[in-house]
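A.B. asks: Starting off with a structure, shown below.
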Amino acid sequence: MNQPKLNLSPKVSDEIRKTTCYMCACRCGIDVHINHTAEGDKVAYIEGNRAHPVNRGVLCAKGSAGIMQHNAPSRLRAPLKRTGPRGSGEFEEISWEEAFRIAEGWLRPIRASDPSKLAFFTGRDQSQSFTSWWAQAFGTPNYAAHGGFCSVNMAAGGIYTIGGAFWEFGQPDWDRTRLFILFGVAEDHDSNPLKMGIGKLKKRGAKVVGVNPVRSGYNAVADEWYGITPGTDGLLILSLVHCLLKAGKIDLEYLRDYTDAPVLIDADPDSATHGLALLDDDGHKLVWCRDEQRARCFDAETVNPDLAGTWERDGIVHRTVFQHMVDKYLDPAYAPEAIADRVGISAGRIHALAAEIARTAFEEAIELDIPWTDFRGRRHATMKGRPVSFHAMRGISAHANGFQTCRALHMLQILIGSVETPGGFRFKPPYPKAATAHPKPHRNHQPNAPLDGPHLGFVHGPEDLALRPDGSPARIDKAFTWENPMSAHGLMHMVISNAHAGDPYRIDTLFLYMANMAWNSSMNTRGTMEMLSDTDENGDYVIPHIIYADTYSSETVAYADLVLPDTTYLERHDCISLLDRPISEAEAAADAIRWPVVETDRDVRAFQTAMIQLGARLGLPGMVKDDGTAKFADFADYMVNHERRPGVGPLMGWRGNGEGGESHGRGAPNPAQLDRYIENGGFCLAHVPEEGQFMKPWNKAYQDWAVEIGLFDKPSPYIFTLWCEPLRRFQLAAEGVGDLQPPDHLRDRIRTTMDPLPIWWDPSEGQDGAGEYDVHALTQRPMAMYHSWGTQNAWLRQIHGRNPMYLPTEIWEAEGFADGDWARIASPHGEITVPVAHMPALNHRTIWTWNAIGKRKGAWALHDNAPETDKGFLLNHLIHELLPPKKDGMRWSNSDPITGQAAWFDLKVRVEKTAPPPDLASRPGLAPQVSPVGQGPDQLRWEVK
Amino acid sequence: MTALPERTDRKLGLVIDLDTCVGCHACVIACKGWNTQHYGAPLSDQDAYGDASGTFLNRIHSYQVEPEHGASQTIHFPKSCLHCEDAPCVTVCPTGASYKRAEDGIVLVNEDACMGCGLCAWACPYGAREVDMAAGIMKKCTLCVDRIYNENLPEADRQPACVRTCPSGARHFGDLGDPDSDVSRLVAERGGVDLMPEQNTKPVNQYLPPRPKDRLQAPEMTGDEDILAPWLAPVAEEPQGFLKWLDGALERL
Amino acid sequence: MHPAPSVIIFSTLSGAGFGLLIFLGLGLPAVEGRVAFVFYLIAFGLTVIGLLSSVFHLKNRKNAWRSYSQWRSSWLSREAWAAVLSLVVMGLYAAGQVFFGLTLAPLGWLGAALSLFTVYTTSMIYTQLRAVPRWNQWATPVLFLVASLAGGALLSGNATAAILLLALLGIVVLWHWWKGDRRFGEVGSTLETATRLEGRVKLWEKPHTGENYLTREMVYQIGRRHAVKLRVIAMGLMVVLPLLVLLVLGAHHVSAAVAVLSYLAGMAVQRWLFFAEAEHVVGLYYGAHGNMTANASERTPA
């Protein structure tokens, strides 16, 4: 034998720099291997950081391909000023000084006259606490990130019900759960933790159930697949609730002690507070005490609440929340037999799932020997748990009934006592946090002054709406109006069409960050492009100025008048903050930073730094010192030295610079803070004490700890709200009670949809053209691509360079499709002609495709033969931001009537076989744009010596 | 020398759990990244921003499976070199570039000796070898031979890049020649299988088949006794009965 | 398998060239001087062009010399040795005949044997591949040897031998097609054995949406009707037309030239089909050859 001698210990790299990934909302820790070369430090390899709480060393395809994203040819190189017409892609590169001068020239007069003429909307923004602070300082009420077209239903439904949500804000108790049920999740927030968690369950042999029209990804490994009809998840959940309630398989102790199930509700239809909770003089909710046979405050130490019943007080009948639930959900209309056809799952399978939930929750109940004290002051020897956990995301969220569906799911969790108990669903700090502990929306603006408070928040009744004195919407996106009162994340998907229509008013400057609104992030893509480039009778653009900031040459860049080029994620500072959307674990609060692990080689600036500099030029409060000079040099300076409340800033770690030394949580700004983060691998962890690990909303130890590290200023325990009073207050108004009244055309809708208990209705009713469009159409995000966030990465685009429409066997056979065929897919709004493929593991009336694979020619530095530009396609062309006209001619927005969440997944279509187009390119094809960055190289041989 | 070793001291390889792989392609890209920067010629991509086609040493296929009973399934199927005991790719090599290491059974290509004839790729039934079009030489999975013994890496990281990065833990690395190793035990417990046994290549890598799915069936569908039924027995037939039950239950708490 | 022009040219031309060398080495005909020069020019021309063409198939030619190292285990290495040895031996033999009028018969026999062995080694490169069931049958070496001898007979003007060998070639080629259409089923590789999944398995998504080295090189698929047409053309040009020409027009320069050209053209088509029709089992992973086991018996044209 004569084997070559191998060097088995070659050098791996010159240095590892630890920072945070940027490919999705996971924000994993990464080890960036750097080589020192003659041309400077170069990124050689990226892998997961083993010490990091989010990913424990693992990393997804997107993260591992970061080197291709960092070096992408589509990176913008310098500020751009438009030279051709909007949409053409013709620009000239300009200096930052000129760019700032242009922006200032537009923004300064706006701020001096009417700050609401600026609409500042950020897309996949990971620094919302900063961008909202900037917008507040500017004084415009028109700010939001992209939550409104993403998953606001999930967040709002969760926060209004349990004071937290799935997203990345909570997680199943992966180590103890025995039954994990996943609703409507493809590749979403918290994807690596989900994969790791599913892996843990598989290792332990725990059961994974997937409820999803499509059996791919996580559903492919699910032990049980429920191939549900889109939009009917709420109905399935309420049927499970029906079964469990009927069988008494509910956690009465949990309902009694930790929820509003025993809270007394005014049940007198003639009362002005009908449907609202009975309160004592201090505003505490009252329950009926079984021991003392009188109404008492819910949080009294010795109270023994009754769960069901009817009591009269001061001549008014009151019934408990639970009594209302019994009356509602024991109705045989929710029996599996009654709903099976509608949800597309047999009654037997529904029974079996309900029984499995009951069996696991009550036969496999667990108890941890951790003594704890609850908010009533009672000491408990153990923590009891029901090892059934749930997770849900966009699939149930992006329907017009999504808010109620999300609430229904949380109600189901509550009924079996599996929220914040061992084996169930656990919050991650800063959650739990009741809706009432969040700010309310603010909209009052005046020239040359900051807004009166944070833009976004949680409304609790009509008085919290963002309306002008005349009742018209205060915000350009009509968030927090009667049309969608609880739109906690704003409605980014309505901004462009409202601004174009001048409804509710005209704006001057549209400022977008990292949101591909002229392509895959809009419904009605073509219409959006037309609105962005539409001119009035004088030939002026209807939306006068557009500023866009992004790292890459997306389709939307072409529609901007001024482009501010951002850095890549390896060239910048960022903070993943507890003020925003941190990376906490159930057992610890955690935040993290990004820092420039390599220097930029282009004339670009980190977006936040550019905003700080622009803010200083505009003299925005908080961004300038008393003498008018800039307060912060850049975003890193802000991260360290900005304080939201005294002692509480963007980063919790290593605060304090005085004698007391450094500590996590509260403390003065520490000039060495970023160094400490870098030394620690880019993140900071603050562990929840063991006694506070579960039962957090009611757990004294947790609440005290939360105050200590600055999450709250005082302990803020609360009970879960099965009965959503804010909904009831809007309903009450729609019934004619109160001074603030909805417009008449919305009364009926508010009355029927804003039920204080979770309900279900068919969200796609009225979208099916009287039965003509009878097939559901969906998109899913592939695990190896994150729509346009990550540019067309050379490695990842080989995995998903084109997309077919997947058809179920029923449609495949009925239409006589064969491999290689094409179909015309039509909706009430438009049609596309696309290649099809067969997928048996699919709901029988649902078709779907991968999200955002299609790209426009000229964008992303792609070559003309890139398959994305002709083989790939978008489903967006079939979806409109408005629903088809009602009988009265009114067109309602294609959104959840409660939160305004874009109802992407209510789409109904018709599928017809058609001849392949002669050029084998999908339709519609759109005219090419000029690439402001040229085209990428032909061949890649990426090796850093 | 392209004769196969008589025997190898160890049989290092991968065990891939098809019950756990969610098809995320993390392993594909971690492999691409590591092997672009390390071990031999970088993995190149042609027409990288057009109709791109590059060299990958690990790829994930996805299949639809229609079982005899029950719903159709989707299976994600990662595939790389199986480091066969009777590796046909090694014996066909005319230049001696391909070889199987006597100490651990890893099948490698000595890039300095490869002439890029492609015959070894033809000989492999699994599609584990790809000629890199820029370098003109055969590339294949090295089982990260430059990681697994690498003293410049912390002990925990001395495993293939694909295994280290796999978020769901569907990939396992170890000595399949040692019946007591973790991977061998896993294979025994879960009934691990060879791919294409009829090709007589004796693959070292093993695949753990998906566990039986969709067993939570209604009795009317399976004909079995409804063992779950007692869990849903109504506490009462009438609403009034439900409240009585509730009262009693609360009293007992 | 991808029908690469380089390998088709190589195996067609070198097969014919070595076939001619075999006949020349055996002294059929015994030639000297100018005539010998022309014959050897043709023979060496064909083999050398063929061999050079095969070198073009290599992606890293600078290491081609290393292919002489593994003659103990690799058929390709043996082919390299055999080709060089036969050319050297036949070169010496030819030099004797051309320049010195000297025929060293034993050297010729050795050269002929080496040439025959060279063709055999070429055939074994394909035959040994179990992953390509169509090639992996004993008829493959027979096919290569008979084809080479038939070409050699034609080129060397051995009309009777040519007629017999062409007829035999026709039979062998038919057998190779008939058997080849069944080999995939006989080897037994299916998508189910490839994945070991239980149930009916179908490709849903390829690993990458575009093509890759494997799909370009090994997942070549050719329409059945197209294949049948080409089989008819191949048989017509390679066997039927040369036979007709020889039998009807008799053996003279013009008819021989027509027969040779027709044979070479037919051979090229046959070799194109030899690759294009060869199904590599890796294609199963890419959703190809799903019909190979189910419809094997239907695939051979009548």
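Residues in the structure tokens are numbered from 1 in each chain, the chains being A, B, ... in the order shown, and ligands are numbered from 1 in the order shown.
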Hey, what's within 12 Å of B:His83 if we count only C-alpha atoms and toss same-chain stuff fewer than 4 positions away? As a PyMOL selection string, please?
C.D. replies: chain B and resi 4+8+10-15+79+87-90+98-101+104-109+124+126+128-129+140-143+175-176+194-195+201-206
A.B. asks: Residues of stretch 229-271 of chain A classed as helix (DSSP H, G or I) by DSSP on the backbone are to be reported as a PyMOL selection string.
C.D. replies: chain A and resi 233-246+252-258
A.B. asks: Between atom CA of A:Leu778 and atom CA of A:Trp850, what is the distance in Å, rounded to a tenth?
C.D. replies: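 Distance reported for this atom pair: 8.6 Å.
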A.B. asks: So which one's closest to chain B, C:Val240, C:Val55, C:Leu129, C:Ala112? Using only C-alpha atoms, please.
C.D. replies: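 Among C:Val240, C:Val55, C:Leu129, C:Ala112, it is C:Leu129 that comes nearest to chain B.
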A.B. asks: What does the structure give for the distance between atom CA of A:Val459 and atom CA of A:Ala435, in Å to one decimal?
C.D. replies: 8.6 Å
A.B. asks: Give me the residues near C:Phe10 as a CSV table (one decimal) with C-alpha atoms, in the first residue's frame, where near means some atom within 6 Å (using only C-alpha atoms) and where sequence neighbours in that chain fewer than 6 positions away do not count.
C.D. replies:
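This went into selection06.csv:
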chain,number,residue,atom,x,y,z
C,50,GLY,CA,-8.8,8.1,-31.6
C,51,LEU,CA,-6.3,8.0,-28.7
C,53,SER,CA,-9.4,12.3,-28.9
C,54,SER,CA,-9.7,10.3,-25.8
A.B. asks: Residues of chain A were defined as contacting chain C if any atom lay at most 8 Å from it, counting only C-alpha atoms; please report them as a PyMOL selection string.
C.D. replies: chain A and resi 798-802+838-839
A.B. asks: Within 10 Å of B:Pro42, counting only C-alpha atoms, which residues qualify if same-chain residues fewer than 4 places away don't, as number ranges by chain?
C.D. replies: A: 940-944; B: 32-38, 55, 132, 134-135, 139
A.B. asks: Could you please determine the separation between atom CA of A:Leu882 and atom CA of A:Ile825 in Å, to one decimal place?
C.D. replies: 19.1 Å
